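Below is one structure, written out as structure tokens; comments come after it.
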Amino acid sequence: MKLPPFEYACPTTLPEAVQLLAGHDGEAKALAGGQSLVPMLAFRLAQPALLVDLRKLADLRGIRISEKGVALGAMVRWREIEDDERLDTAHPLLKAAIAHVAHYQVRNRGTVGGSLAHADPAAEMPGIAMTCDAEIAVVGKSGARVIQAADFFQGALTTALTSDEIIVEVSLPAWPARRRWGFEEFARRRGDFAMAAAAVFYDESEDGKARNAHVGVIGVADRPMRLPAVEEVLNGRTIDQATIAEAETATSAAVDPQDDIHASAAYRRALVGTMVERALKRAAA
Amino acid sequence: MRTVNSLIGSPIERLEDLRFLRGRGQYVDDLARKDMLHAAILRSSVAHGRIRSIEVTRARALPGVHSVITAKEIGNRVPRVPMRLQPLPDFERFGQPVIAETKVRYVGEAIAVVLADSPGIAEDALGLVETDIEPLPAVADRHASAEDRSLLFEEAGTNLAIRFRAVRGDAAAAFAGAPYVRRERFRTQRHMALPLEPRGLLAEWDAARERLVIYGGAKVLFFNRRTLAKQLGLPEAAIEIVENDVGGGFGARGEFYPEDFLIPFAARLAGRPVKWTEDRRENLMCINHAREAECEVEIACTREGTILGLRGHAYVDVGAYMRTNGAVGARNVAQFMSGPYRIPNIDIDVALQLTNKTPVGTYRGPGRFETDFFRERLFDMVTQDLGLDRVAFRRRNLVSKQEMPYQIATITPFESKDEFDSGDYQATLDRCLDEVNWPEKSKLAGKLIDGRYHGLAVGCFIEGGAAGPKESARIVLERDGLYSVYVGSSAIGQGLETVFAQIAADALEITIERIRGVFHGSTSYVNDGYGAYHSRSVVMGGSAILDAAAKLRDAIRTWAAQRLNCQASAIEIVEGVKAVGPGGNSIALNELSGESISAEGAFLNKKHTYTYGAHAAHVAVDPKLGHVDLLDYVVVADCGRIINPLTVHGQTVGSVVQGLGGAMMEHLVYDQDAQLLTGSLADYLIPTASDFPNIRAVMLEQHPSPINPLGAKGAGEGGIIAAGGIMANAVANALSALHVQPRELPLTPTRIWELVQAAPR
Amino acid sequence: MSVRFRVNGREVDVDVEPRLTLADCLRHHLRLTGTHVGCEHGVCGACTILLDGAAVRSCLMLAVQAEGAEVVTVEGLSNDADLTPLQKSFRKHHALQCGFCTPGMITTAHALLSEEPNCDAARVREVLSGNLCRCTGYIPIVEAVLEARAAYRPKAQAGDRGGDRA
């Protein structure tokens, strides 16, 4: 499975990178960590004429935490998220989700931007982006724009990015200290793509009832999904056993997964309900 | 201080580790030749079709491409992959041409070979070969196969390759009068050995000397050389096959594959060395598959639990061709369904059905893994029905040591008889129950604790080893006083260099440092070698080494007698260093002759050894996730004589984990068009370090084998054999309140969840 | 393209196609065949090397991406004179059979122990779950890595851990 032939460029500025992508009429691809793209090349599922390596672009680095929230540069690697202690409080849900990404070696190279751009339906970062109303800042030949997560993921391995656009950073809104949250995933083996996973959070009113509930799931559709029907079950209620049970049922009813070689549709439908149930149990504990 | 005769039985750290740990192993892809060409093979993406044309002009024209070989370049009669084991005439019509001629019969079948300056260019060129293949209806499973509507071999008129039958006593009579009968259907899935190193070959043709050297051999190099010589019209002596370091075999690597002809042929045609390395995608669709079997089987018992008979029909999906050992697994399914148990009346037939899938071959414990699952599941169902204790039932029916040697069912059409050599099957069962703490743990059986159901299972196994007919060894006392050991056995990671050094050193009464090395596998090392299969290396290679050592010591005594002027019988060899005569005068061994002294030895054998034992498992099943947490797994095995406790224990644990992979997650999935859907390691799942951390193995040597001088039995396959039956029984036990009865492997989360959903309430 | 980087402490300069992976560059251009290729799609871990100290899958990197980097392979974690403590521990625990996954296990374990000499068994299993082995069943590998922790703790001598490495 040797890689197909391509040309390679390693620009030092963002405008240069955009120029290179734009100049190749859709035949150029950005190379970030390579953990998703290179296997695709190895299987010859993609045969770009040019790879544009983003590793020298300083604009894409760094984790910035402010009162606005958490901003992750596109080239932030999973390892940096793991190692950044500030995120334990600044965004514990992000950290919990990223703990499930692949394996040790992949986590040293894989990037936030790469994962978002690749848009695997069972990947954790797109799931977090959807669940947390992330904003994805991109730059292309027409300039800079911000894409809401809800508009970004358009299908399996398909995003709103045009062929000349590069993700610069993804912003997650500020995370209040008392927020309740949970993340549950089940994969065939540790580090495999999720058969289903759920990311949930809610804030509590003074009377102990939930509000602002966000329920996101991955692995059960061609893209990460938020489940407003389930959020409706939670908002305004105490998150007790009865509510959680109802949320589980509502989750299974809200999705329409497909059969594949790793799991049947019926199993996935039940599994994602269990993931939401268990995530809520954690959140409420 | 005795430093000699103490190596057998010692946990000597392995000699081969010194290079492996430093990354200095030499596997075939590590080799290079300056002017070598790289080969890439175009493989059919159609499962069944008639080849209308193959157009190679564009591929040939790609810069860096040297040539493209198809059936046309090979000639009128493309050679067939031979059958090495059970070569019945029935199979010849189903032999595989080494390159597709008129039809393609499975996804992955070789259609063309591209030779180029680099592997990348060779692969680029594959995309430029244009094939026009008229698709034919794909035979995707054994049912479609048996209909004989779409035939893989039109001239044969059938997709049934053969039917074997295992018979003992009179099953019809036993069933007629049986107080209790239970009939069931079971299924095991297609999976494979998946050695971590993909296959590869480097072939060099010396036109001046008319000599061919091939690197990358494994397992059965001598048979492969014989085969290739016939196919190329060369004398055997003109071909040398070299065994480098080998990254695992498990039965699949080393058999004669189409590439074993194509690459040497290409080297001869091109007049340059040709190197081929398989990639993982190819490996998944080209190396022998295994294990796909189904059965409808009935057991007859007394109500107290004595087994009266076992009968039924089994079906093995053998893929598109009968290759070198494609019949072995199927034969074993029938012949070994009784396992280590006394079943006086047996009548099991097994049909080998051809399908448009990758051909099958042996994979560790071939046929035994499948048939153990069938039998042990049946046993637990029976005991549940009759209200009997699962342990007592097994104990009652195990072959006892007084009954040894115990003859098992005879398989036709071979009329080959087989018998268990020695052993106390009860003792290993008892020890296993002890190790797992069965009395305490069984209290948890079926209980729901923290959302998980706990389950226990125990089962017994036998594993056959030491296949004959022969193995050869040669030991050389070099002029510097060190000994070199040459043996026809093949290394595939089982630590032969160390284990054989231990055996040789003890036999020569020297310390292990006096052994320069153990040279294995390559055809230049011994005249008549056989290789590594059916767990035979210690028994066959080891015994051949004993014979060679004895003969070498005789030769040394003869030399010394001449030099010391006395009778050979009066010579004493001291610590492998000097020879001492009756008068006390001595001579250093390496001064005996101006040249080295060598001796050849051999061991001939027609019987099998049977390592045996028991497995037990404790699981906790999450019914919502369908996840099985393996809390404890114990295997106890008696292998007759332990040469190196470290290596035999290590192989057993590794074997168990492979078995667990087969029980829980490994599956080569085909769709209804016989397209292979599991084309990468992201889809074909094998165990990782986090999956099964709780495995214990206890190796015993209480009942040596009477059929070889070492008393050893072949080992290494027992760990895998029982894993399927054990895990399925443990899950059934755990979910007994939900009336879950697994009848099919693998036990994936989906399958377990579906069983929970489907179970009657 | 011309690429310059350091391998096992020595500077190298190679001229390669952009599509050549770092794994293939190490194995075939630099003749460091200790790094093995088992899948070429980033799953098996046999190709693991250290890039600027971090364990990475060299089959998923282009050689041209190694420009200016410090690469350490299993050869760089070895010396002729003796086995390192990690290697000795592997040998003692029989943590290898065919040896094909072993270089990847050694480099990964070395990276882990260098950062986390007090890691526990669960952490070792988690980290090694990205390295496939078909022979050993992993248990002896985990035991070997755990025993080798002592050599990586601060009290150990600086020269104890390995051969030449960046």
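Chain identifiers are assigned as A, B, and so on, following the order in which chains appear in the structure tokens; residues are numbered from 1 within each chain, and ligands are numbered from 1 in order of appearance.
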With a distance threshold of 6 Å and counting only C-alpha atoms, extract the residues of chain B near chain C and express them as a PyMOL selection string.
-> chain B and resi 20+22-24+30+196-197+247-248+280+493-494+653-654+657+688-690
For Leu31 (chain A): contacts at 9 Å, only C-alpha atoms, fewer than 5 positions along chain excluded, given as a list in words | Leu37, Val38, Leu51, Val52, Asp53, Leu54, Arg55 and Gly114 of chain A
Hey, could you make a per-residue contact list for chain A against chain C with 10 Å as the cut-off, showing the nearest pair of atoms and its distance in Å to one decimal, counting only C-alpha atoms, sorted by chain and number, as a tab-separated table?
```
residue	atom	partner	partner_atom	distance
A:Met1	CA	C:Glu40	CA	6.5
A:Lys2	CA	C:Glu40	CA	7.8
A:Leu3	CA	C:Arg19	CA	5.7
A:Pro4	CA	C:Arg19	CA	6.8
A:Pro5	CA	C:Arg19	CA	5.8
A:Phe6	CA	C:Arg19	CA	6.4
A:Glu7	CA	C:Pro18	CA	6.3
A:Tyr8	CA	C:Pro18	CA	6.0
A:Ala9	CA	C:Pro18	CA	9.2
A:Cys10	CA	C:Gln65	CA	8.7
A:Gly33	CA	C:Met61	CA	8.4
A:Gly34	CA	C:Leu60	CA	6.2
A:Gln35	CA	C:Leu60	CA	6.2
A:Ser36	CA	C:Leu60	CA	8.7
A:Leu37	CA	C:Leu60	CA	8.6
A:Val38	CA	C:Leu60	CA	5.6
A:Pro39	CA	C:His41	CA	4.7
A:Met40	CA	C:His41	CA	8.1
A:Leu41	CA	C:His41	CA	9.1
A:Ala42	CA	C:His41	CA	6.5
A:Phe43	CA	C:His41	CA	8.0
A:Leu50	CA	C:Pro18	CA	9.7
A:Leu51	CA	C:Pro18	CA	9.0
A:Asp53	CA	C:Gln65	CA	8.1
A:Arg55	CA	C:Gln65	CA	8.5
A:Arg79	CA	C:Ala54	CA	9.8
A:Ala102	CA	C:Gly130	CA	7.9
A:His103	CA	C:Gly130	CA	5.2
A:Tyr104	CA	C:Val127	CA	5.5
A:Gln105	CA	C:Val56	CA	4.5
A:Val106	CA	C:Val56	CA	6.6
A:Arg107	CA	C:Val56	CA	8.5
A:Asn108	CA	C:Val56	CA	6.5
A:Arg109	CA	C:Val56	CA	7.0
A:Gly110	CA	C:Val56	CA	10.0
A:Arg189	CA	C:Ser129	CA	9.0
A:Arg190	CA	C:Ser129	CA	7.4
A:Gly191	CA	C:Ser129	CA	7.9
A:Asp192	CA	C:Val43	CA	9.9
```
Chain B residues near chain A within 9 Å, closest pair each, using only C-alpha atoms, as a tab-separated table:
```
residue	atom	partner	partner_atom	distance
B:Pro119	CA	A:Lys2	CA	7.0
B:Gly120	CA	A:Lys2	CA	5.3
B:Ile121	CA	A:Pro4	CA	8.6
B:Glu123	CA	A:Lys2	CA	7.1
B:Asp124	CA	A:Pro4	CA	6.8
B:Glu278	CA	A:Met1	CA	8.8
B:Asp279	CA	A:Met1	CA	5.9
B:Arg280	CA	A:Met1	CA	7.8
B:Arg281	CA	A:Met1	CA	7.5
B:Glu282	CA	A:Met1	CA	9.0
B:Lys624	CA	A:Leu271	CA	7.1
B:Leu625	CA	A:Leu271	CA	6.5
B:His627	CA	A:Arg188	CA	8.8
B:Met665	CA	A:Arg188	CA	8.2
B:Val669	CA	A:Ile261	CA	7.5
B:Leu677	CA	A:Ile261	CA	7.9
B:Thr678	CA	A:Ile261	CA	8.1
B:Ala682	CA	A:Asp192	CA	7.8
B:Asp683	CA	A:His262	CA	7.8
B:Leu685	CA	A:Arg189	CA	8.3
B:Pro687	CA	A:Arg189	CA	8.0
B:Thr688	CA	A:Arg189	CA	7.7
B:Ser690	CA	A:Arg190	CA	7.0
B:Asp691	CA	A:Arg189	CA	7.1
B:Thr748	CA	A:Arg188	CA	8.3
B:Pro749	CA	A:Ala263	CA	7.6
B:Thr750	CA	A:Ala263	CA	5.6
B:Arg751	CA	A:Ala263	CA	8.8
B:Trp753	CA	A:Tyr267	CA	7.0
B:Glu754	CA	A:Tyr267	CA	7.4
```
Contacts of region 19-29 of chain A at 8 Å (only C-alpha atoms; same-chain gap of 6+ positions) as a PyMOL selection string | chain A and resi 48-52+140-141+163-165
Using only C-alpha atoms, find the one residue out of B:Met322, B:Lys441, B:Val114, B:Ala532 that sits nearest to Gly127 (chain B).
->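 With only C-alpha atoms as the atom set, the closest residue is B:Val114.
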Grab the CA of Lys357 (chain B) to CA of Arg149 (chain B) distance for me, in Å with one decimal place.
->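 So the two atoms, CA of Lys357 (chain B) and CA of Arg149 (chain B), lie 16.6 Å apart.
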DSSP-assigned strand (DSSP E) members of region 29-176 of chain B, reported as a ChimeraX atom specification | /B:37-43,49-55,65-69,103-104,110-116,130-135,160-168
Restricted to N, CA and C atoms, what would the selected residues look like written as a short mmCIF file (atom, residue, chain, number, x, y, z; two decimals), in the first residue's frame?
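Result file follows (selection20.cif):
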```cif
data_model
loop_
_atom_site.label_atom_id
_atom_site.label_comp_id
_atom_site.auth_asym_id
_atom_site.auth_seq_id
_atom_site.Cartn_x
_atom_site.Cartn_y
_atom_site.Cartn_z
N LEU B 37 14.44 -5.78 -8.90
CA LEU B 37 13.15 -5.25 -9.33
C LEU B 37 12.14 -5.53 -8.24
N HIS B 38 11.13 -4.67 -8.16
CA HIS B 38 10.07 -4.87 -7.18
C HIS B 38 8.83 -5.37 -7.88
N ALA B 39 8.22 -6.36 -7.29
CA ALA B 39 7.03 -6.94 -7.89
C ALA B 39 5.79 -6.47 -7.15
N ALA B 40 4.75 -6.20 -7.92
CA ALA B 40 3.44 -5.94 -7.35
C ALA B 40 2.46 -6.82 -8.11
N ILE B 41 1.47 -7.30 -7.44
CA ILE B 41 0.56 -8.26 -8.05
C ILE B 41 -0.83 -7.67 -8.20
N LEU B 42 -1.35 -7.74 -9.42
CA LEU B 42 -2.71 -7.29 -9.66
C LEU B 42 -3.65 -8.39 -9.22
N ARG B 43 -4.57 -8.04 -8.39
CA ARG B 43 -5.47 -9.03 -7.84
C ARG B 43 -6.90 -8.76 -8.24
N GLY B 49 -15.60 -14.77 -12.19
CA GLY B 49 -15.77 -14.21 -13.53
C GLY B 49 -14.93 -14.91 -14.56
N ARG B 50 -15.27 -14.65 -15.81
CA ARG B 50 -14.52 -15.21 -16.93
C ARG B 50 -13.66 -14.09 -17.50
N ILE B 51 -12.37 -14.36 -17.65
CA ILE B 51 -11.47 -13.32 -18.14
C ILE B 51 -11.60 -13.21 -19.65
N ARG B 52 -12.01 -12.02 -20.09
CA ARG B 52 -12.11 -11.83 -21.55
C ARG B 52 -10.79 -11.31 -22.08
N SER B 53 -10.21 -10.33 -21.39
CA SER B 53 -8.91 -9.81 -21.85
C SER B 53 -8.18 -9.13 -20.71
N ILE B 54 -6.87 -9.11 -20.85
CA ILE B 54 -6.03 -8.37 -19.93
C ILE B 54 -5.13 -7.49 -20.77
N GLU B 55 -5.25 -6.18 -20.63
CA GLU B 55 -4.51 -5.25 -21.46
C GLU B 55 -3.43 -4.58 -20.63
N VAL B 65 8.63 0.92 -15.13
CA VAL B 65 8.11 -0.44 -15.18
C VAL B 65 8.99 -1.26 -16.12
N HIS B 66 9.37 -2.42 -15.66
CA HIS B 66 10.25 -3.29 -16.45
C HIS B 66 9.44 -4.23 -17.32
N SER B 67 8.45 -4.87 -16.73
CA SER B 67 7.64 -5.83 -17.49
C SER B 67 6.37 -6.18 -16.72
N VAL B 68 5.46 -6.80 -17.45
CA VAL B 68 4.23 -7.27 -16.82
C VAL B 68 4.04 -8.73 -17.24
N ILE B 69 3.79 -9.58 -16.28
CA ILE B 69 3.66 -11.01 -16.54
C ILE B 69 2.21 -11.43 -16.33
N LYS B 103 -10.46 -18.00 -15.75
CA LYS B 103 -11.45 -17.51 -14.79
C LYS B 103 -10.74 -16.89 -13.60
N VAL B 104 -11.49 -16.07 -12.89
CA VAL B 104 -11.09 -15.69 -11.54
C VAL B 104 -12.15 -16.25 -10.60
N ALA B 110 -4.53 -13.75 -8.11
CA ALA B 110 -3.51 -13.06 -8.90
C ALA B 110 -3.85 -13.11 -10.39
N ILE B 111 -3.78 -11.95 -11.03
CA ILE B 111 -4.07 -11.85 -12.47
C ILE B 111 -2.81 -11.47 -13.25
N ALA B 112 -1.98 -10.62 -12.66
CA ALA B 112 -0.78 -10.18 -13.36
C ALA B 112 0.28 -9.78 -12.35
N VAL B 113 1.52 -9.85 -12.78
CA VAL B 113 2.64 -9.43 -11.94
C VAL B 113 3.37 -8.31 -12.65
N VAL B 114 3.53 -7.18 -11.96
CA VAL B 114 4.25 -6.05 -12.52
C VAL B 114 5.64 -6.01 -11.88
N LEU B 115 6.65 -5.83 -12.70
CA LEU B 115 8.02 -5.66 -12.18
C LEU B 115 8.45 -4.23 -12.47
N ALA B 116 8.95 -3.54 -11.43
CA ALA B 116 9.30 -2.13 -11.61
C ALA B 116 10.48 -1.76 -10.73
N GLU B 130 -5.62 -3.04 -17.62
CA GLU B 130 -7.06 -3.05 -17.88
C GLU B 130 -7.54 -4.47 -18.03
N THR B 131 -8.45 -4.85 -17.18
CA THR B 131 -8.99 -6.20 -17.26
C THR B 131 -10.46 -6.14 -17.66
N ASP B 132 -10.83 -7.05 -18.54
CA ASP B 132 -12.22 -7.17 -18.91
C ASP B 132 -12.68 -8.54 -18.42
N ILE B 133 -13.46 -8.52 -17.38
CA ILE B 133 -13.89 -9.77 -16.77
C ILE B 133 -15.41 -9.83 -16.80
N GLU B 134 -15.90 -10.89 -17.39
CA GLU B 134 -17.36 -11.08 -17.43
C GLU B 134 -17.79 -11.67 -16.10
N PRO B 135 -18.57 -10.92 -15.34
CA PRO B 135 -18.92 -11.44 -14.01
C PRO B 135 -19.85 -12.64 -14.10
N LEU B 160 -18.88 -29.43 -4.59
CA LEU B 160 -18.52 -30.22 -3.42
C LEU B 160 -17.16 -30.86 -3.69
N ALA B 161 -16.16 -30.47 -2.94
CA ALA B 161 -14.81 -30.98 -3.19
C ALA B 161 -14.70 -32.43 -2.75
N ILE B 162 -15.24 -32.73 -1.59
CA ILE B 162 -15.20 -34.10 -1.08
C ILE B 162 -16.02 -34.17 0.20
N ARG B 163 -16.35 -35.35 0.60
CA ARG B 163 -16.99 -35.54 1.90
C ARG B 163 -16.16 -36.54 2.68
N PHE B 164 -15.79 -36.19 3.91
CA PHE B 164 -15.09 -37.14 4.78
C PHE B 164 -16.10 -37.70 5.77
N ARG B 165 -15.73 -38.81 6.40
CA ARG B 165 -16.61 -39.38 7.41
C ARG B 165 -15.76 -39.91 8.55
N ALA B 166 -16.16 -39.62 9.77
CA ALA B 166 -15.48 -40.14 10.96
C ALA B 166 -16.42 -41.14 11.61
N VAL B 167 -15.92 -42.36 11.76
CA VAL B 167 -16.79 -43.42 12.27
C VAL B 167 -16.11 -44.16 13.41
N ARG B 168 -16.92 -44.49 14.40
CA ARG B 168 -16.44 -45.34 15.49
C ARG B 168 -17.67 -46.09 16.00
#
```
Taking the backbone alone, and naming residues the way the document does, which bits of region 106-149 of chain C are alpha helix (DSSP H) by DSSP, as JSON, numbers by chain?
-> {"C": [106, 107, 108, 109, 110, 111, 112, 113, 114, 115, 121, 122, 123, 124, 125, 126, 127, 128, 139, 140, 141, 142, 143, 144, 145, 146, 147, 148, 149]}
By how many Å are CA of Val215 (chain A) and CA of Cys132 (chain A) apart?
-> 9.0 Å
If you count only C-alpha atoms, which residues fall within 10 Å of Asp13 (chain C), apart from same-chain ones fewer than 6 positions away, as a list in words?
-> Ser2, Val3, Arg4, Phe5, Arg6, Leu30 and Glu67 of chain C
Residue subset to file, keeping C-alpha atoms, as a tab-separated table (two decimals), in the first residue's frame:
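The result, written out as selection.tsv:
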```tsv
chain	number	residue	atom	x	y	z
C	2	SER	CA	16.18	16.76	-0.26
C	3	VAL	CA	15.55	16.19	3.43
C	4	ARG	CA	17.94	16.64	6.27
C	5	PHE	CA	17.34	15.33	9.77
C	6	ARG	CA	19.02	13.44	12.56
C	30	LEU	CA	19.07	4.46	5.57
C	67	GLU	CA	13.03	17.85	8.09
```
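Going from CA of Ile81 (chain A) to CA of Lys95 (chain A) covers 6.7 Å.
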Using only C-alpha atoms, what table do you get, as a tab-separated table, when you list each residue of region 133-235 of chain A with an atom no more than 9 Å from region 242-246 of chain A, its nearest pair of atoms, and their distance in Å rounded to one decimal, rows by chain then rising number?
```
residue	atom	partner	partner_atom	distance
A:Val230	CA	A:Glu246	CA	8.5
A:Val233	CA	A:Thr243	CA	7.2
A:Leu234	CA	A:Thr243	CA	6.8
```
Mind checking which residues fall within 12 Å of Ala172 (chain B), counting only C-alpha atoms, ignoring those fewer than 5 positions away in the same chain, and posting them as a PyMOL selection string?
-> chain B and resi 167+177-178+298-300+308-312+344-348
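The shell of residues at most 7 Å from region 205-216 of chain B, with only C-alpha atoms counted and near chain neighbours (fewer than 6 positions) removed, consists of Val28, Ala238, Ile239, Glu240, Ile241, Val242, Glu243, Asn244, Ala267, Arg268, Gly271, Arg272 and Pro273 of chain B.
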Prev. selection, N, CA and C atoms, output as a compact mmCIF listing (two decimals), in the first residue's frame:
```txt
# COMPACT_ATOMS: atom_id res chain seq x y z
N VAL B 28 12.49 -11.00 5.61
CA VAL B 28 12.76 -10.96 4.18
C VAL B 28 12.67 -9.55 3.58
N ALA B 238 19.37 -27.38 -7.82
CA ALA B 238 19.61 -26.07 -8.41
C ALA B 238 18.86 -24.97 -7.66
N ILE B 239 18.03 -25.36 -6.72
CA ILE B 239 17.23 -24.37 -5.99
C ILE B 239 17.59 -24.41 -4.52
N GLU B 240 17.81 -23.25 -3.96
CA GLU B 240 18.00 -23.15 -2.52
C GLU B 240 16.93 -22.21 -1.98
N ILE B 241 16.25 -22.66 -0.95
CA ILE B 241 15.29 -21.77 -0.29
C ILE B 241 15.84 -21.47 1.09
N VAL B 242 15.93 -20.21 1.39
CA VAL B 242 16.53 -19.76 2.64
C VAL B 242 15.45 -19.27 3.59
N GLU B 243 15.58 -19.68 4.83
CA GLU B 243 14.67 -19.19 5.86
C GLU B 243 15.36 -18.06 6.61
N ASN B 244 14.79 -16.88 6.54
CA ASN B 244 15.31 -15.77 7.33
C ASN B 244 14.58 -15.76 8.65
N ALA B 267 11.99 -13.71 -11.58
CA ALA B 267 13.43 -13.46 -11.47
C ALA B 267 14.18 -14.12 -12.62
N ARG B 268 13.74 -15.31 -12.95
CA ARG B 268 14.39 -16.03 -14.05
C ARG B 268 14.13 -15.34 -15.38
N GLY B 271 15.97 -11.93 -15.38
CA GLY B 271 17.42 -12.00 -15.26
C GLY B 271 17.95 -11.05 -14.19
N ARG B 272 17.05 -10.62 -13.31
CA ARG B 272 17.46 -9.75 -12.20
C ARG B 272 16.76 -10.23 -10.93
N PRO B 273 17.33 -9.91 -9.77
CA PRO B 273 16.64 -10.30 -8.54
C PRO B 273 15.28 -9.62 -8.47
```
